>>> print(open('entry.pdb').read())   # PDB, C-alpha atoms and all ligand atoms
MODEL        1
ATOM      1  CA  MET F   1     -11.550 -15.469   4.925
ATOM      2  CA  ILE F   2     -11.464 -11.781   4.114
ATOM      3  CA  GLN F   3     -12.375  -9.649   7.048
ATOM      4  CA  GLN F   4     -14.405  -6.592   6.153
ATOM      5  CA  ILE F   5     -13.604  -3.236   7.715
ATOM      6  CA  HIS F   6     -16.074  -0.416   8.199
ATOM      7  CA  ARG F   7     -15.536   2.635   6.017
ATOM      8  CA  LYS F   8     -14.960   5.838   7.929
ATOM      9  CA  THR F   9     -15.288   9.559   7.396
ATOM     10  CA  ILE F  10     -14.852  12.554   9.711
ATOM     11  CA  LYS F  11     -17.665  13.791  11.957
ATOM     12  CA  SER F  12     -17.257  17.486  11.188
ATOM     13  CA  SER F  13     -15.312  19.746   8.843
ATOM     14  CA  ILE F  14     -11.908  21.036   9.885
ATOM     15  CA  THR F  15      -9.530  23.669   8.555
ATOM     16  CA  LEU F  16      -5.762  23.311   8.659
ATOM     17  CA  LYS F  17      -3.466  26.158   7.697
ATOM     18  CA  GLY F  18       0.229  26.001   7.047
ATOM     19  CA  ILE F  19       2.804  26.993   4.486
ATOM     20  CA  GLY F  20       3.756  25.297   1.256
ATOM     21  CA  LEU F  21       7.239  23.786   1.422
ATOM     22  CA  HIS F  22       8.158  25.074  -2.030
ATOM     23  CA  SER F  23       6.140  28.286  -2.292
ATOM     24  CA  GLY F  24       6.606  29.376   1.323
ATOM     25  CA  LYS F  25       3.067  30.822   1.063
ATOM     26  CA  THR F  26       0.065  30.144   3.290
ATOM     27  CA  VAL F  27      -2.090  27.183   2.243
ATOM     28  CA  THR F  28      -5.563  26.438   3.566
ATOM     29  CA  LEU F  29      -6.729  22.825   3.609
ATOM     30  CA  ARG F  30     -10.315  21.990   4.536
ATOM     31  CA  LEU F  31     -11.508  18.459   5.226
ATOM     32  CA  HIS F  32     -15.206  17.629   4.987
ATOM     33  CA  PRO F  33     -17.236  14.514   5.795
ATOM     34  CA  ALA F  34     -18.259  12.431   2.767
ATOM     35  CA  GLU F  35     -20.690   9.604   1.986
ATOM     36  CA  ALA F  36     -19.533   6.003   1.851
ATOM     37  CA  GLY F  37     -17.987   5.224  -1.514
ATOM     38  CA  THR F  38     -16.819   8.777  -2.173
ATOM     39  CA  GLY F  39     -13.188   7.887  -1.564
ATOM     40  CA  LEU F  40     -10.649  10.644  -0.992
ATOM     41  CA  ILE F  41     -11.156  13.530  -3.389
ATOM     42  CA  PHE F  42      -9.253  16.796  -3.595
ATOM     43  CA  PHE F  43     -10.869  19.962  -4.884
ATOM     44  CA  LEU F  44      -8.253  22.491  -5.909
ATOM     45  CA  TYR F  45      -9.654  26.019  -5.662
ATOM     46  CA  LYS F  46      -8.484  28.449  -8.293
ATOM     47  CA  GLY F  47     -10.249  31.758  -7.785
ATOM     48  CA  LEU F  48     -13.953  31.031  -8.166
ATOM     49  CA  SER F  49     -13.541  27.716  -9.929
ATOM     50  CA  LYS F  50     -12.472  24.376  -8.539
ATOM     51  CA  VAL F  51     -10.794  21.345 -10.065
ATOM     52  CA  ARG F  52     -11.559  17.786  -8.942
ATOM     53  CA  ILE F  53      -8.560  15.481  -8.454
ATOM     54  CA  PRO F  54      -9.307  12.083  -6.877
ATOM     55  CA  VAL F  55      -6.621  10.374  -4.812
ATOM     56  CA  SER F  56      -5.871   7.330  -6.965
ATOM     57  CA  LEU F  57      -2.895   5.655  -8.595
ATOM     58  CA  ASP F  58      -4.206   6.705 -12.006
ATOM     59  CA  HIS F  59      -3.837  10.323 -10.955
ATOM     60  CA  VAL F  60      -0.233  10.123  -9.711
ATOM     61  CA  VAL F  61       1.778  12.285 -12.109
ATOM     62  CA  ASP F  62       5.108  12.775 -10.342
ATOM     63  CA  THR F  63       7.152  11.026  -7.653
ATOM     64  CA  SER F  64      10.447  12.887  -7.920
ATOM     65  CA  ASN F  65      10.619  14.778  -4.598
ATOM     66  CA  ALA F  66       7.161  14.160  -3.237
ATOM     67  CA  THR F  67       4.057  12.379  -4.468
ATOM     68  CA  THR F  68       2.022  14.565  -6.800
ATOM     69  CA  ILE F  69      -1.423  13.920  -8.257
ATOM     70  CA  GLY F  70      -2.943  15.720 -11.224
ATOM     71  CA  ASP F  71      -6.066  15.960 -13.339
ATOM     72  CA  GLY F  72      -4.322  14.962 -16.572
ATOM     73  CA  GLY F  73      -3.923  18.616 -17.537
ATOM     74  CA  SER F  74      -1.989  21.377 -15.835
ATOM     75  CA  ASN F  75      -3.606  21.057 -12.417
ATOM     76  CA  ARG F  76      -1.511  19.322  -9.771
ATOM     77  CA  ILE F  77      -1.357  18.908  -6.012
ATOM     78  CA  GLN F  78       1.957  17.887  -4.518
ATOM     79  CA  THR F  79       3.203  16.419  -1.228
ATOM     80  CA  ILE F  80      -0.001  14.500  -0.518
ATOM     81  CA  GLU F  81       1.782  11.689   1.360
ATOM     82  CA  HIS F  82       2.067  13.172   4.860
ATOM     83  CA  LEU F  83      -1.647  13.989   4.941
ATOM     84  CA  LEU F  84      -2.499  10.545   3.543
ATOM     85  CA  ALA F  85      -0.379   8.744   6.147
ATOM     86  CA  ALA F  86      -2.547  10.317   8.865
ATOM     87  CA  VAL F  87      -5.782   9.678   6.935
ATOM     88  CA  HIS F  88      -4.805   6.033   6.460
ATOM     89  CA  THR F  89      -3.740   5.534  10.092
ATOM     90  CA  LEU F  90      -7.162   6.695  11.248
ATOM     91  CA  GLY F  91      -8.928   4.462   8.704
ATOM     92  CA  ILE F  92     -10.590   7.357   6.863
ATOM     93  CA  THR F  93     -11.853   6.032   3.525
ATOM     94  CA  ASP F  94     -14.202   8.834   2.502
ATOM     95  CA  CYS F  95     -13.371  12.518   2.749
ATOM     96  CA  ILE F  96     -13.459  15.710   0.671
ATOM     97  CA  LEU F  97     -10.184  17.629   0.750
ATOM     98  CA  GLU F  98     -10.415  21.247  -0.358
ATOM     99  CA  ILE F  99      -7.173  23.106  -0.955
ATOM    100  CA  ASP F 100      -6.321  26.577  -2.260
ATOM    101  CA  ALA F 101      -2.761  25.917  -3.450
ATOM    102  CA  VAL F 102      -0.848  23.310  -5.422
ATOM    103  CA  GLU F 103       0.872  21.781  -2.402
ATOM    104  CA  VAL F 104      -0.444  20.338   0.819
ATOM    105  CA  PRO F 105       0.872  22.478   3.724
ATOM    106  CA  ILE F 106       4.073  21.079   5.187
ATOM    107  CA  MET F 107       2.943  21.858   8.784
ATOM    108  CA  ASP F 108       5.789  20.706  11.074
ATOM    109  CA  GLY F 109       7.211  18.347   8.433
ATOM    110  CA  SER F 110       5.455  15.310   9.900
ATOM    111  CA  SER F 111       1.952  13.805   9.830
ATOM    112  CA  ALA F 112       1.195  14.583  13.475
ATOM    113  CA  PRO F 113      -0.709  17.870  12.866
ATOM    114  CA  PHE F 114      -2.956  16.123  10.301
ATOM    115  CA  TRP F 115      -3.548  13.229  12.683
ATOM    116  CA  GLU F 116      -4.394  15.609  15.544
ATOM    117  CA  GLY F 117      -6.672  17.693  13.304
ATOM    118  CA  ILE F 118      -8.621  14.687  12.060
ATOM    119  CA  ARG F 119      -8.893  13.280  15.590
ATOM    120  CA  SER F 120     -10.280  16.611  16.827
ATOM    121  CA  ALA F 121     -12.907  16.554  14.046
ATOM    122  CA  GLY F 122     -13.975  13.100  15.231
ATOM    123  CA  ILE F 123     -14.136   9.839  13.303
ATOM    124  CA  GLN F 124     -17.486   8.630  11.970
ATOM    125  CA  GLU F 125     -17.781   4.922  11.299
ATOM    126  CA  LEU F 126     -20.022   4.258   8.297
ATOM    127  CA  GLU F 127     -22.348   1.306   7.824
ATOM    128  CA  GLU F 128     -20.691   0.272   4.579
ATOM    129  CA  THR F 129     -17.615  -1.904   4.616
ATOM    130  CA  ILE F 130     -14.433  -2.156   2.571
ATOM    131  CA  GLU F 131     -12.236  -5.170   1.864
ATOM    132  CA  PRO F 132      -8.646  -4.740   2.937
ATOM    133  CA  ILE F 133      -5.889  -5.873   0.634
ATOM    134  CA  ARG F 134      -4.077  -9.015   1.775
ATOM    135  CA  ILE F 135      -1.658 -10.228  -0.831
ATOM    136  CA  ALA F 136      -1.364 -13.954  -1.489
ATOM    137  CA  ASN F 137       2.148 -13.941  -2.933
ATOM    138  CA  PRO F 138       5.279 -11.876  -2.335
ATOM    139  CA  MET F 139       5.500  -8.832  -4.559
ATOM    140  CA  TRP F 140       8.448  -6.556  -5.158
ATOM    141  CA  VAL F 141       9.828  -3.687  -7.130
ATOM    142  CA  VAL F 142      13.512  -3.133  -7.774
ATOM    143  CA  ASP F 143      15.569  -0.232  -9.087
ATOM    144  CA  GLY F 144      19.276  -1.025  -9.023
ATOM    145  CA  ASP F 145      20.233  -1.493  -5.366
ATOM    146  CA  LYS F 146      16.909  -0.061  -4.154
ATOM    147  CA  TYR F 147      14.025  -2.366  -3.482
ATOM    148  CA  LEU F 148      10.633  -2.632  -1.880
ATOM    149  CA  VAL F 149       9.066  -5.989  -1.089
ATOM    150  CA  MET F 150       5.676  -6.923   0.328
ATOM    151  CA  LEU F 151       5.269 -10.348   1.878
ATOM    152  CA  PRO F 152       1.900 -11.852   2.796
ATOM    153  CA  SER F 153       1.014 -11.213   6.443
ATOM    154  CA  ASP F 154      -2.163 -10.902   8.499
ATOM    155  CA  GLU F 155      -0.852  -7.691  10.038
ATOM    156  CA  LEU F 156       0.914  -4.640   8.713
ATOM    157  CA  LYS F 157       4.640  -4.711   9.448
ATOM    158  CA  VAL F 158       7.676  -2.956   8.075
ATOM    159  CA  THR F 159      11.418  -3.451   7.946
ATOM    160  CA  TYR F 160      13.065  -0.357   6.512
ATOM    161  CA  ASN F 161      16.704   0.345   5.776
ATOM    162  CA  ILE F 162      18.203   3.628   4.631
ATOM    163  CA  ASP F 163      21.830   4.080   3.659
ATOM    164  CA  PHE F 164      22.864   7.607   2.731
ATOM    165  CA  ASN F 165      26.382   8.832   2.166
ATOM    166  CA  HIS F 166      26.333  10.638   5.520
ATOM    167  CA  PRO F 167      27.996   9.643   8.814
ATOM    168  CA  LEU F 168      24.672   9.663  10.692
ATOM    169  CA  LEU F 169      22.553   7.942   8.064
ATOM    170  CA  ARG F 170      24.634   4.933   7.100
ATOM    171  CA  GLY F 171      22.703   1.761   7.630
ATOM    172  CA  GLN F 172      19.870   3.150   9.745
ATOM    173  CA  SER F 173      17.158   0.516   9.943
ATOM    174  CA  TYR F 174      13.947  -0.040  11.805
ATOM    175  CA  THR F 175      11.498  -2.913  12.119
ATOM    176  CA  THR F 176       8.069  -2.572  13.652
ATOM    177  CA  THR F 177       4.469  -3.658  13.518
ATOM    178  CA  LEU F 178       2.268  -0.838  12.258
ATOM    179  CA  ASN F 179      -1.029  -0.736  14.101
ATOM    180  CA  GLU F 180      -2.869   2.506  14.776
ATOM    181  CA  ASN F 181      -1.157   3.131  18.130
ATOM    182  CA  ILE F 182       2.346   2.464  16.886
ATOM    183  CA  LEU F 183       1.811   4.538  13.750
ATOM    184  CA  SER F 184       0.485   7.510  15.712
ATOM    185  CA  GLU F 185       3.152   7.403  18.417
ATOM    186  CA  ASP F 186       6.267   6.127  16.680
ATOM    187  CA  ILE F 187       5.924   7.008  13.009
ATOM    188  CA  LEU F 188       3.573   9.927  12.247
ATOM    189  CA  PRO F 189       5.530  12.513  14.337
ATOM    190  CA  ALA F 190       8.778  11.815  12.420
ATOM    191  CA  ARG F 191       9.699  14.863  10.344
ATOM    192  CA  THR F 192      10.883  15.041   6.767
ATOM    193  CA  PHE F 193      14.616  15.502   6.346
ATOM    194  CA  GLY F 194      16.994  17.051   3.889
ATOM    195  CA  PHE F 195      20.636  17.874   3.389
ATOM    196  CA  LEU F 196      21.700  21.488   3.869
ATOM    197  CA  LYS F 197      23.609  21.534   0.575
ATOM    198  CA  ASP F 198      20.495  20.322  -1.298
ATOM    199  CA  VAL F 199      18.272  22.884   0.453
ATOM    200  CA  GLU F 200      20.625  25.677  -0.622
ATOM    201  CA  ALA F 201      20.615  24.415  -4.214
ATOM    202  CA  LEU F 202      16.799  24.136  -4.223
ATOM    203  CA  GLN F 203      16.349  27.619  -2.782
ATOM    204  CA  ALA F 204      18.662  29.045  -5.439
ATOM    205  CA  ARG F 205      16.100  27.679  -7.948
ATOM    206  CA  GLY F 206      13.181  29.217  -6.044
ATOM    207  CA  LEU F 207      12.137  25.878  -4.517
ATOM    208  CA  ALA F 208      11.861  24.823  -0.862
ATOM    209  CA  MET F 209      11.276  28.482   0.004
ATOM    210  CA  GLY F 210       9.143  27.418   2.973
ATOM    211  CA  GLY F 211      11.709  24.911   4.230
ATOM    212  CA  SER F 212      13.169  25.661   7.657
ATOM    213  CA  LEU F 213      14.125  24.039  10.929
ATOM    214  CA  ASP F 214      10.442  24.458  11.884
ATOM    215  CA  ASN F 215       9.425  21.816   9.374
ATOM    216  CA  ALA F 216      12.410  19.618   8.579
ATOM    217  CA  VAL F 217      15.360  17.791   9.995
ATOM    218  CA  VAL F 218      18.342  19.340   8.233
ATOM    219  CA  LEU F 219      21.640  17.506   7.920
ATOM    220  CA  THR F 220      24.956  19.297   7.661
ATOM    221  CA  ASP F 221      28.036  17.488   6.330
ATOM    222  CA  ASP F 222      28.565  15.700   9.630
ATOM    223  CA  GLY F 223      25.618  16.388  11.896
ATOM    224  CA  TYR F 224      22.152  17.837  12.367
ATOM    225  CA  LEU F 225      21.359  21.557  12.201
ATOM    226  CA  ASN F 226      18.358  21.064  14.526
ATOM    227  CA  GLU F 227      18.961  21.302  18.258
ATOM    228  CA  SER F 228      17.138  18.062  18.918
ATOM    229  CA  LEU F 229      15.438  15.175  17.171
ATOM    230  CA  ARG F 230      12.099  13.601  18.025
ATOM    231  CA  TYR F 231      13.636  10.126  17.749
ATOM    232  CA  GLU F 232      17.234   9.066  17.463
ATOM    233  CA  ASN F 233      16.360   7.404  14.128
ATOM    234  CA  GLU F 234      13.821   9.998  13.009
ATOM    235  CA  CYS F 235      14.872   9.830   9.343
ATOM    236  CA  VAL F 236      14.164   6.131   8.793
ATOM    237  CA  ARG F 237      10.873   6.548  10.645
ATOM    238  CA  HIS F 238       9.925   9.343   8.264
ATOM    239  CA  LYS F 239      10.669   7.076   5.303
ATOM    240  CA  ILE F 240       8.157   4.604   6.772
ATOM    241  CA  LEU F 241       5.641   7.452   7.097
ATOM    242  CA  ASP F 242       6.165   8.306   3.411
ATOM    243  CA  LEU F 243       5.724   4.658   2.432
ATOM    244  CA  ILE F 244       2.416   4.348   4.282
ATOM    245  CA  GLY F 245       1.205   7.672   2.833
ATOM    246  CA  ASP F 246       2.148   6.577  -0.685
ATOM    247  CA  LEU F 247       0.513   3.138  -0.394
ATOM    248  CA  ALA F 248      -2.606   4.880   0.959
ATOM    249  CA  VAL F 249      -3.123   6.172  -2.596
ATOM    250  CA  MET F 250      -4.491   2.644  -3.289
ATOM    251  CA  GLY F 251      -7.571   3.786  -1.381
ATOM    252  CA  ARG F 252      -7.894   0.606   0.677
ATOM    253  CA  PRO F 253      -6.627  -0.706   3.976
ATOM    254  CA  PHE F 254      -3.767  -3.157   3.417
ATOM    255  CA  TYR F 255      -1.871  -5.824   5.304
ATOM    256  CA  GLY F 256       1.522  -7.297   4.612
ATOM    257  CA  HIS F 257       5.150  -7.232   5.693
ATOM    258  CA  LEU F 258       6.906  -4.420   3.846
ATOM    259  CA  ILE F 259      10.663  -4.722   3.458
ATOM    260  CA  ALA F 260      12.316  -1.639   2.020
ATOM    261  CA  SER F 261      15.889  -0.684   1.297
ATOM    262  CA  LYS F 262      16.743   2.790   0.024
ATOM    263  CA  ALA F 263      13.224   3.083  -1.387
ATOM    264  CA  GLY F 264      11.297   6.283  -2.011
ATOM    265  CA  HIS F 265       8.160   7.678  -3.621
ATOM    266  CA  ALA F 266       8.850   6.183  -7.062
ATOM    267  CA  LEU F 267       9.252   2.617  -5.742
ATOM    268  CA  ASP F 268       6.352   3.075  -3.291
ATOM    269  CA  ILE F 269       3.993   4.013  -6.113
ATOM    270  CA  SER F 270       5.395   1.258  -8.366
ATOM    271  CA  LEU F 271       4.649  -1.333  -5.669
ATOM    272  CA  ALA F 272       1.143   0.076  -5.215
ATOM    273  CA  LYS F 273       0.557  -0.214  -8.979
ATOM    274  CA  CYS F 274       1.965  -3.736  -8.953
ATOM    275  CA  ILE F 275      -0.414  -4.736  -6.156
ATOM    276  CA  MET F 276      -3.469  -3.082  -7.678
ATOM    277  CA  SER F 277      -2.780  -4.456 -11.166
ATOM    278  CA  GLN F 278      -3.139  -7.952  -9.751
ATOM    279  CA  VAL F 279      -6.202  -7.298  -7.666
ATOM    280  CA  THR F 280      -9.175  -8.691  -9.522
ATOM    281  CA  GLY F 281     -12.627  -7.401  -8.784
ATOM    282  CA  ASP F 282     -13.889  -8.453  -5.397
ATOM    283  CA  GLU F 283     -11.476 -11.309  -4.905
ATOM    284  CA  LEU F 284      -8.653  -9.264  -3.578
ATOM    285  CA  THR F 285      -6.379 -12.078  -2.551
ATOM    286  CA  LYS F 286      -6.595 -14.059  -5.759
ATOM    287  CA  PHE F 287      -4.289 -13.063  -8.531
ATOM    288  CA  LYS F 288      -4.559 -13.510 -12.261
ATOM    289  CA  SER F 289      -1.054 -14.873 -12.383
ATOM    290  CA  LYS F 290       1.550 -15.999  -9.919
ATOM    291  CA  ARG F 291       4.236 -14.326 -11.946
ATOM    292  CA  VAL F 292       5.564 -11.337 -10.114
ATOM    293  CA  PRO F 293       6.414  -8.375 -12.291
ATOM    294  CA  LEU F 294       9.782  -6.788 -11.778
ATOM    295  CA  PHE F 295       9.950  -3.039 -12.096
ATOM    296  CA  SER F 296      13.130  -1.260 -12.859
ATOM    297  CA  LYS F 297      13.442   2.196 -14.331
ATOM    298  CA  LYS F 298      16.734   1.207 -15.920
ATOM    299  CA  GLU F 299      15.231  -1.937 -17.430
ATOM    300  CA  ALA F 300      12.239  -0.005 -18.708
ATOM    301  CA  ALA F 301      14.474   2.591 -20.317
ATOM    302  CA  ARG F 302      16.321  -0.009 -22.364
TER     303      ARG F 302
HETATM  304 ZN    ZN Q 401       7.939  12.805   3.544
ENDMDL
END
>>> encode(input="entry.pdb", output="structure tokens", more="lines below")
Ligand SMILES: [Zn+2]
Amino acid sequence: MIQQIHRKTIKSSITLKGIGLHSGKTVTLRLHPAEAGTGLIFFLYKGLSKVRIPVSLDHVVDTSNATTIGDGGSNRIQTIEHLLAAVHTLGITDCILEIDAVEVPIMDGSSAPFWEGIRSAGIQELEETIEPIRIANPMWVVDGDKYLVMLPSDELKVTYNIDFNHPLLRGQSYTTTLNENILSEDILPARTFGFLKDVEALQARGLAMGGSLDNAVVLTDDGYLNESLRYENECVRHKILDLIGDLAVMGRPFYGHLIASKAGHALDISLAKCIMSQVTGDELTKFKSKRVPLFSKKEAAR
């Protein structure tokens, strides 16, 4: 039987200010309460006008470095995943997100400031309910040696493995249940990470201008540039944060056992599309076909 969950919004509006990771400039993000059924909707302010960009898989336009949504034209908002991981953890289904720049502020590189901000605004449970997604069959997406699998489960769990060509990030893996407490304590505070050589290359191109040790874990050739980490395995935890934030674009609570190896935004969004393409109307656990599609960029390019 499908258990219904109450929709939620925030009790009062809040303002969060930070800098854009790429622009390095101040960004103001305002969250407002919304009626049941609104969903999560960004309004991008451009001078006196504003552009509406709903958070939905149909609006995802780029997954190369971060997850970016757009209006189909030139208007885009990037790096939505850290905010969405916090929104999802707190069960917020309906909220207006006003922003005055094309990237969500990076804050401290994690989801913790968003989580704290939303908690301070208060959570309002709405009368209306929403059906969580519980898949009936395993689903997966593959790209070479990278993969992301979702197995049926009554709870949300993850097994994540990263394997970078770096002495500290070879075979880092983490398995955990992901309830609200565990997400907020063990996953949301994990900061984004990058390699010093990549940061230098990006900054030479005018990107990552806001990136610093205040908002990222930075890896040198054989160690960390930061004095300390929040967790010994902070990087794999951040990958889990990204995964939850990306799957939150589906706009519904979800349950399942996620198994990821070397995945990232592109596979996360592919899995979300795979799941949603097989969700039929109100019967969320019944699929049109038992055949599981296999996604591969290389296959698709052939
Ligand atoms: Zn991230």
>>> residues_around(input="entry.pdb", residues="F:Asn75", least_positions_apart="4", cutoff="9 Å", atoms="all atoms listed in the file", output="compact mmCIF listing (two decimals) with C-alpha atoms, keeping the file's coordinate frame")
# COMPACT_ATOMS: atom_id res chain seq x y z
CA LEU F 44 -8.25 22.49 -5.91
CA VAL F 51 -10.79 21.34 -10.06
CA ILE F 53 -8.56 15.48 -8.45
CA ILE F 69 -1.42 13.92 -8.26
CA GLY F 70 -2.94 15.72 -11.22
CA ASP F 71 -6.07 15.96 -13.34
CA VAL F 102 -0.85 23.31 -5.42
>>> residues_near_point(input="entry.pdb", point="(10.3, 15.4, 9.1)", cutoff="12 Å", atoms="only C-alpha atoms", output="ChimeraX atom specification")
/F:21,82,106-113,187-194,211-219,226,229-231,233-242
>>> resolve_selection(input="entry.pdb", expression="the PyMOL selection byres (((chain F and resi 250) around 8) and not hetatm)", output="PyMOL selection string")
chain F and resi 56-57+247-249+251-252+272+276
>>> closest_residue(input="entry.pdb", among="F:Thr26, F:Gln172, F:Thr63, F:Thr15", to="ligand ZN 401 (chain Q)", atoms="only C-alpha atoms and all ligand atoms")
F:Thr63
>>> resolve_selection(input="entry.pdb", expression="the PyMOL selection byres (((chain F and resi 259) around 8) and not hetatm)", output="list of chain:residue names")
F:Leu148, F:Val149, F:Met150, F:Leu151, F:Val158, F:Thr159, F:Tyr160, F:His257, F:Leu258, F:Ala260, F:Ser261
>>> resolve_selection(input="entry.pdb", expression="the PyMOL selection byres (((chain F and resi 196) around 6) and not hetatm)", output="tab-separated table (two decimals) with C-alpha atoms, keeping the file's coordinate frame")
chain	number	residue	atom	x	y	z
F	195	PHE	CA	20.64	17.87	3.39
F	197	LYS	CA	23.61	21.53	0.57
F	198	ASP	CA	20.50	20.32	-1.30
F	199	VAL	CA	18.27	22.88	0.45
F	218	VAL	CA	18.34	19.34	8.23
F	219	LEU	CA	21.64	17.51	7.92
F	220	THR	CA	24.96	19.30	7.66
>>> closest_residue(input="entry.pdb", among="F:Pro253, F:Gly122, F:Gly144, F:Pro105", to="F:Lys25", atoms="all atoms listed in the file")
F:Pro105
>>> decode(input="entry.pdb", residues="stretch 168-224 of chain F", atoms="C-alpha atoms", output="compact mmCIF listing (two decimals), in the first residue's frame")
# COMPACT_ATOMS: atom_id res chain seq x y z
CA LEU F 168 43.32 9.98 -0.75
CA LEU F 169 40.32 9.29 -2.96
CA ARG F 170 40.97 5.79 -4.24
CA GLY F 171 38.13 3.51 -3.36
CA GLN F 172 36.39 5.71 -0.80
CA SER F 173 32.97 4.23 -0.12
CA TYR F 174 30.13 4.77 2.27
CA THR F 175 26.88 2.96 3.02
CA THR F 176 24.12 4.43 5.12
CA THR F 177 20.40 4.73 5.61
CA LEU F 178 19.21 8.22 4.73
CA ASN F 179 16.52 9.41 7.11
CA GLU F 180 16.13 13.05 8.06
CA ASN F 181 18.47 12.83 11.07
CA ILE F 182 21.24 11.01 9.25
CA LEU F 183 21.00 13.31 6.23
CA SER F 184 21.19 16.44 8.37
CA GLU F 185 24.03 15.23 10.58
CA ASP F 186 26.14 13.01 8.34
CA ILE F 187 25.55 14.16 4.77
CA LEU F 188 24.33 17.77 4.40
CA PRO F 189 27.41 19.35 6.10
CA ALA F 190 29.82 17.64 3.66
CA ARG F 191 31.44 20.25 1.44
CA THR F 192 32.01 20.19 -2.29
CA PHE F 193 35.53 19.29 -3.35
CA GLY F 194 37.88 20.01 -6.19
CA PHE F 195 41.43 19.49 -7.32
CA LEU F 196 43.81 22.44 -7.06
CA LYS F 197 45.04 21.98 -10.63
CA ASP F 198 41.44 22.08 -11.93
CA VAL F 199 40.62 25.17 -9.85
CA GLU F 200 43.62 26.98 -11.33
CA ALA F 201 42.57 26.00 -14.86
CA LEU F 202 38.97 27.12 -14.21
CA GLN F 203 40.06 30.45 -12.74
CA ALA F 204 42.27 31.09 -15.77
CA ARG F 205 39.01 30.88 -17.79
CA GLY F 206 37.21 33.26 -15.43
CA LEU F 207 35.28 30.45 -13.71
CA ALA F 208 35.24 29.36 -10.06
CA MET F 209 36.18 32.93 -9.13
CA GLY F 210 34.32 32.55 -5.83
CA GLY F 211 35.96 29.22 -5.02
CA SER F 212 38.13 29.20 -1.90
CA LEU F 213 38.95 27.16 1.18
CA ASP F 214 35.88 28.83 2.75
CA ASN F 215 33.57 26.88 0.47
CA ALA F 216 35.38 23.80 -0.81
CA VAL F 217 37.64 20.95 0.10
CA VAL F 218 40.66 21.41 -2.17
CA LEU F 219 42.96 18.53 -3.03
CA THR F 220 46.61 19.02 -3.87
CA ASP F 221 48.55 16.29 -5.69
CA ASP F 222 48.92 14.25 -2.52
CA GLY F 223 46.84 15.84 0.22
CA TYR F 224 44.27 18.41 1.26
